[in-house]
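Trainee: Submitted below is the structure of interest, expressed as structure tokens.
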Amino acid sequence: MSDETSEQLERAEGLGAEIGEPEEFGAEETFEGAQEMATEAETDPVRLAIEQGGVLRLPESSDVELNEVSDSFGEGETMILNLGPQHPSTHGVLRLMLELQGETVLRTKPVIGYLHTGMEKQGEELTYVQGATNVTRMDYLSPLGNELMFALAVEDLLGVEIPPRATWIRMLMAEMNRVGSHVTWAATNGMDLASTTMMIFGFRERDLILSWNEKVTGLRMNTNYIRPGGVAADLPDGWEDDVAVIVDTVEARLDDYDELLTGQPIFRERTEGVGVIGPELALALSATGPILRAAGVPWDLRRSMPYLAYDEVEFDVIVGTVGDTFDRYAVRLNEIRESLRIIRQVLEKMPSGDYRVQDKKVTPPPRARIDESMEALIHHFKLFTRGFDVPEGETYVAVESPRGELGCYLVSDGRNKPYRMHVRGPSFVNLQSVPPLLRGGLIADAVAVLSSVDPVLGEVDR
């Protein structure tokens with residue numbers, strides 16, 4: 001042994017003598033005190049719930065809520081934490097102000113407006129022909145649903161009835177859009193819960209839908225395809241084969257989603273019993289879509305208030321039993337299967353005929369006629385510059401978007417532009433359910449719960 005090593009050992013022994021043996025510190029008393037603290041923690045319901053990852057059930061009274069939680073933690077102060085608005089897990093520029101006691105969420109205040117674009121006021125300065133290019137950008141995951149809502153409202157004021165083929169094309173595109181929106185949600189929800197594989201799977205399927213949109217409409221998003229009077233163009237040659245491939249592919253890959261997430265223990269622990277909302281509260285908050293159906297209320301406008309040709313196809317309204325984050329996941333996953341079921345029926349029942357109404361006041365002349373006739377060119381120019389006048393009146397039309405009831409209140413004063421346009425965006429209304437969903441839960445569950453609401457901030461702020 002070297003002299004240097006001997007010196008280090010002597011120094012260490014001397015340091016140990018200075019500190020003293022464990023009994024000099026009262027190790028027995030320390031051990032007994034630790035046992036008492038552990039026993040307290042085991043019987044403390046708040047600490048027990050946190051350790052087990054459960055959801056705390058706090059009383060409705062805010063005073064009692066604060067006092068009970070504060071007493072349990074032995075602290076009287078709470079902390080305000082800002083989640084967002086830049087965080088990807090807030091699904092856009094959403095800011096959540098969370099009041100925390102330890103890791104427990106006491107109150108939540110959603111702060112919106114960071115993406116406000118004034119789309120409703122813009123809609124009052126655009127002609128009815130231009131309107132679809134505006135509304136399609138509200139919910140950018142469901143652009144065709146927005147276009148459908150606006151087109152149905154304008155057609156209701158005009159009093160026109162579109163051809164059957166246009167109706168079924170719209171239904172095909174709307175259900176394709178629903179599948180695309182739900183697989184995108186599955187991708188981002190998986191990413192929020194630390195499943196990178198689910199994100200890759202979801203966006204892989206979404207790309208199939210976007211490629212279909214591009215083939216039919218010329219654009220992947222914000223298509224301006226569904227317009228007052230019908231659709232912009234007929235389906236391309238070979239569309240039946242394209243649809244069959246998409247349906248078969250997505251249907252088979254849903255089994256991968258099930259295998260990856262549904263039975264995965266960590267996923268279930270992070271979603272089951274987390275963010276519970278009952279049917280009474282969901283209805284009181286005007287929640288619609290998967291949030292309401294997951295709470296056990298079978299409300300789907302396609303079945304409850306049929307539009308297009310939904311009363312001519314068979315599908316089930318998927319409902320949950322608990323109303324937790326897992327139920328909202330299961331509802332959306334099975335809604336994809338029901339949409340594929342509807343698409344298969346559309347494939348079989350698609351009628352022939354015109355894809356838009358043959359009313360010269362609403363519909364431009366065929367493209368070939370513009371090259372042959374000056375009158376047709378003038379007609380086309382006038383429709384796309386000034387638009388058409390709509391009789392005086394007001395209407396409210398709603399459709400079932402992937403996020404819930406998407407409605408359009410439209411008022412006409414007889415001119416070529418809406419006098420008033422207001423949109424009932426389901427993302428905006430459903431955001432009211434975030435505070436009660438997060439109340440009493442853990443901050444670790446906040447991202448999972450918010451993801452299960454599936455807000456699109458373009459539609460929230462409009």
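Ordered as shown in the structure tokens, chains take letters A, B, and onward, while each chain numbers its residues from 1 and ligands are numbered from 1 in the order shown.
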So which residues of region 79-237 of chain A fall under strand (DSSP E or B) by DSSP, listed as an NGL selection string?

Mentor: :A and (79-83 or 95-101 or 104-111 or 226-227 or 230-231)

Trainee: With N, CA and C atoms retained, write the just-selected residues as a PDB file, in the first residue's frame.

Mentor:
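Done, and the output landed in out.pdb:
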```
ATOM      1  N   MET A  79     -50.542  27.385  -5.595  1.00  0.00           N
ATOM      2  CA  MET A  79     -49.647  27.910  -6.625  1.00  0.00           C
ATOM      3  C   MET A  79     -50.390  27.996  -7.951  1.00  0.00           C
ATOM      4  N   ILE A  80     -50.160  29.057  -8.686  1.00  0.00           N
ATOM      5  CA  ILE A  80     -50.725  29.210 -10.030  1.00  0.00           C
ATOM      6  C   ILE A  80     -49.661  28.816 -11.043  1.00  0.00           C
ATOM      7  N   LEU A  81     -50.026  27.869 -11.908  1.00  0.00           N
ATOM      8  CA  LEU A  81     -49.103  27.404 -12.945  1.00  0.00           C
ATOM      9  C   LEU A  81     -49.736  27.624 -14.309  1.00  0.00           C
ATOM     10  N   ASN A  82     -48.985  28.203 -15.223  1.00  0.00           N
ATOM     11  CA  ASN A  82     -49.455  28.391 -16.603  1.00  0.00           C
ATOM     12  C   ASN A  82     -49.017  27.205 -17.449  1.00  0.00           C
ATOM     13  N   LEU A  83     -49.997  26.526 -18.026  1.00  0.00           N
ATOM     14  CA  LEU A  83     -49.710  25.446 -18.972  1.00  0.00           C
ATOM     15  C   LEU A  83     -50.049  25.971 -20.358  1.00  0.00           C
ATOM     16  N   ARG A  95     -54.035  28.368 -23.377  1.00  0.00           N
ATOM     17  CA  ARG A  95     -53.348  28.599 -22.103  1.00  0.00           C
ATOM     18  C   ARG A  95     -54.269  28.161 -20.969  1.00  0.00           C
ATOM     19  N   LEU A  96     -53.770  27.296 -20.118  1.00  0.00           N
ATOM     20  CA  LEU A  96     -54.520  26.858 -18.945  1.00  0.00           C
ATOM     21  C   LEU A  96     -53.846  27.422 -17.703  1.00  0.00           C
ATOM     22  N   MET A  97     -54.594  28.196 -16.931  1.00  0.00           N
ATOM     23  CA  MET A  97     -54.111  28.671 -15.640  1.00  0.00           C
ATOM     24  C   MET A  97     -54.586  27.674 -14.586  1.00  0.00           C
ATOM     25  N   LEU A  98     -53.650  26.952 -13.994  1.00  0.00           N
ATOM     26  CA  LEU A  98     -53.975  25.902 -13.030  1.00  0.00           C
ATOM     27  C   LEU A  98     -53.647  26.376 -11.627  1.00  0.00           C
ATOM     28  N   GLU A  99     -54.616  26.264 -10.727  1.00  0.00           N
ATOM     29  CA  GLU A  99     -54.349  26.515  -9.310  1.00  0.00           C
ATOM     30  C   GLU A  99     -54.072  25.168  -8.657  1.00  0.00           C
ATOM     31  N   LEU A 100     -52.882  25.037  -8.099  1.00  0.00           N
ATOM     32  CA  LEU A 100     -52.431  23.747  -7.585  1.00  0.00           C
ATOM     33  C   LEU A 100     -52.232  23.788  -6.083  1.00  0.00           C
ATOM     34  N   GLN A 101     -52.576  22.687  -5.444  1.00  0.00           N
ATOM     35  CA  GLN A 101     -52.197  22.442  -4.054  1.00  0.00           C
ATOM     36  C   GLN A 101     -51.343  21.184  -4.075  1.00  0.00           C
ATOM     37  N   THR A 104     -52.118  18.520  -6.873  1.00  0.00           N
ATOM     38  CA  THR A 104     -53.560  18.409  -7.107  1.00  0.00           C
ATOM     39  C   THR A 104     -54.085  19.675  -7.765  1.00  0.00           C
ATOM     40  N   VAL A 105     -54.871  19.526  -8.827  1.00  0.00           N
ATOM     41  CA  VAL A 105     -55.460  20.669  -9.523  1.00  0.00           C
ATOM     42  C   VAL A 105     -56.743  21.063  -8.806  1.00  0.00           C
ATOM     43  N   LEU A 106     -56.783  22.291  -8.282  1.00  0.00           N
ATOM     44  CA  LEU A 106     -57.982  22.778  -7.601  1.00  0.00           C
ATOM     45  C   LEU A 106     -58.920  23.481  -8.576  1.00  0.00           C
ATOM     46  N   ARG A 107     -58.355  24.402  -9.335  1.00  0.00           N
ATOM     47  CA  ARG A 107     -59.175  25.149 -10.295  1.00  0.00           C
ATOM     48  C   ARG A 107     -58.408  25.286 -11.601  1.00  0.00           C
ATOM     49  N   THR A 108     -59.174  25.451 -12.682  1.00  0.00           N
ATOM     50  CA  THR A 108     -58.576  25.629 -14.009  1.00  0.00           C
ATOM     51  C   THR A 108     -59.293  26.757 -14.724  1.00  0.00           C
ATOM     52  N   LYS A 109     -58.531  27.613 -15.359  1.00  0.00           N
ATOM     53  CA  LYS A 109     -59.112  28.690 -16.155  1.00  0.00           C
ATOM     54  C   LYS A 109     -58.510  28.656 -17.552  1.00  0.00           C
ATOM     55  N   PRO A 110     -59.281  28.204 -18.551  1.00  0.00           N
ATOM     56  CA  PRO A 110     -58.774  28.263 -19.925  1.00  0.00           C
ATOM     57  C   PRO A 110     -58.725  29.715 -20.412  1.00  0.00           C
ATOM     58  N   VAL A 111     -57.611  30.092 -20.987  1.00  0.00           N
ATOM     59  CA  VAL A 111     -57.455  31.436 -21.544  1.00  0.00           C
ATOM     60  C   VAL A 111     -57.282  31.287 -23.047  1.00  0.00           C
ATOM     61  N   ILE A 226     -67.038  21.453 -50.997  1.00  0.00           N
ATOM     62  CA  ILE A 226     -68.494  21.477 -50.790  1.00  0.00           C
ATOM     63  C   ILE A 226     -68.951  22.927 -50.818  1.00  0.00           C
ATOM     64  N   ARG A 227     -69.771  23.254 -51.807  1.00  0.00           N
ATOM     65  CA  ARG A 227     -70.206  24.634 -52.021  1.00  0.00           C
ATOM     66  C   ARG A 227     -71.723  24.705 -52.085  1.00  0.00           C
ATOM     67  N   GLY A 230     -74.070  22.189 -54.281  1.00  0.00           N
ATOM     68  CA  GLY A 230     -73.521  20.858 -54.572  1.00  0.00           C
ATOM     69  C   GLY A 230     -72.068  20.766 -54.189  1.00  0.00           C
ATOM     70  N   VAL A 231     -71.268  20.211 -55.090  1.00  0.00           N
ATOM     71  CA  VAL A 231     -69.818  20.117 -54.879  1.00  0.00           C
ATOM     72  C   VAL A 231     -69.110  20.690 -56.089  1.00  0.00           C
TER      73      VAL A 231
END
```

Trainee: Using only C-alpha atoms, which protein or nucleic acid residues come within 12 Å of Arg332 (chain A)? Drop anything in the same chain fewer than 2 positions from it, and give the result as an mmCIF file with C-alpha atoms, in the first residue's frame.

Mentor:
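The file below, selection14.cif, is the result:
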```
data_model
loop_
_atom_site.group_PDB
_atom_site.id
_atom_site.type_symbol
_atom_site.label_atom_id
_atom_site.label_comp_id
_atom_site.auth_asym_id
_atom_site.auth_seq_id
_atom_site.Cartn_x
_atom_site.Cartn_y
_atom_site.Cartn_z
ATOM 1 C CA ARG A 178 -64.220 12.145 -39.759
ATOM 2 C CA VAL A 179 -61.867 9.180 -40.113
ATOM 3 C CA GLY A 180 -58.958 11.513 -40.876
ATOM 4 C CA SER A 181 -59.746 13.718 -37.871
ATOM 5 C CA HIS A 182 -60.081 10.803 -35.447
ATOM 6 C CA VAL A 183 -56.849 9.101 -36.537
ATOM 7 C CA THR A 184 -55.068 12.441 -36.135
ATOM 8 C CA TRP A 185 -56.505 12.675 -32.632
ATOM 9 C CA ALA A 186 -55.359 9.122 -31.911
ATOM 10 C CA ASN A 189 -53.284 11.562 -27.941
ATOM 11 C CA LEU A 254 -57.289 -0.284 -36.237
ATOM 12 C CA TYR A 257 -54.231 0.600 -32.423
ATOM 13 C CA GLY A 289 -69.727 14.814 -29.654
ATOM 14 C CA PRO A 290 -67.506 12.111 -28.130
ATOM 15 C CA ILE A 291 -67.455 13.876 -24.729
ATOM 16 C CA LEU A 292 -71.238 13.619 -24.372
ATOM 17 C CA ARG A 293 -71.469 10.131 -25.858
ATOM 18 C CA ALA A 294 -68.654 8.865 -23.625
ATOM 19 C CA VAL A 317 -74.093 5.510 -32.072
ATOM 20 C CA ILE A 318 -71.169 4.592 -29.813
ATOM 21 C CA VAL A 319 -71.614 5.466 -26.118
ATOM 22 C CA GLY A 320 -69.499 5.002 -22.999
ATOM 23 C CA THR A 325 -60.578 9.614 -20.562
ATOM 24 C CA PHE A 326 -60.510 5.946 -21.569
ATOM 25 C CA ASP A 327 -64.174 6.042 -22.620
ATOM 26 C CA ARG A 328 -63.519 9.058 -24.821
ATOM 27 C CA TYR A 329 -60.657 7.141 -26.429
ATOM 28 C CA ALA A 330 -62.835 4.061 -26.963
ATOM 29 C CA ASN A 334 -65.094 2.765 -32.548
ATOM 30 C CA GLU A 335 -66.527 5.786 -34.368
ATOM 31 C CA ILE A 336 -63.797 5.265 -36.953
ATOM 32 C CA ARG A 337 -65.154 1.751 -37.501
ATOM 33 C CA GLU A 338 -68.709 3.101 -37.859
ATOM 34 C CA SER A 339 -67.572 5.735 -40.365
ATOM 35 C CA PRO A 402 -65.791 14.956 -35.305
ATOM 36 C CA ARG A 403 -65.880 17.185 -32.218
ATOM 37 C CA GLY A 404 -69.650 17.565 -31.820
ATOM 38 C CA SER A 452 -59.335 13.612 -24.637
ATOM 39 C CA VAL A 453 -61.393 16.782 -25.169
ATOM 40 C CA ASP A 454 -59.786 17.187 -28.622
#
```

Trainee: Within 9 Å of Leu148 (chain A), counting only C-alpha atoms, which residues show up once you throw out same-chain ones fewer than 5 positions away? Write them as a VMD selection string, please.

Mentor: chain A and resid 132 143 153 170 174 226 to 228 399

Trainee: For Gly113 (chain A), please output as a PyMOL selection string all residues within 6 Å (counting only C-alpha atoms; exclusion window: fewer than 2 positions along the same chain).

Mentor: chain A and resi 115-116+461

Trainee: At a cut-off of 10 Å, using only C-alpha atoms, what residues contact Ile112 (chain A)? Leave out same-chain residues fewer than 5 positions from it and give the result as an MDAnalysis selection string.

Mentor: chainID A and resid 85 93:96 428 431 457 460:461
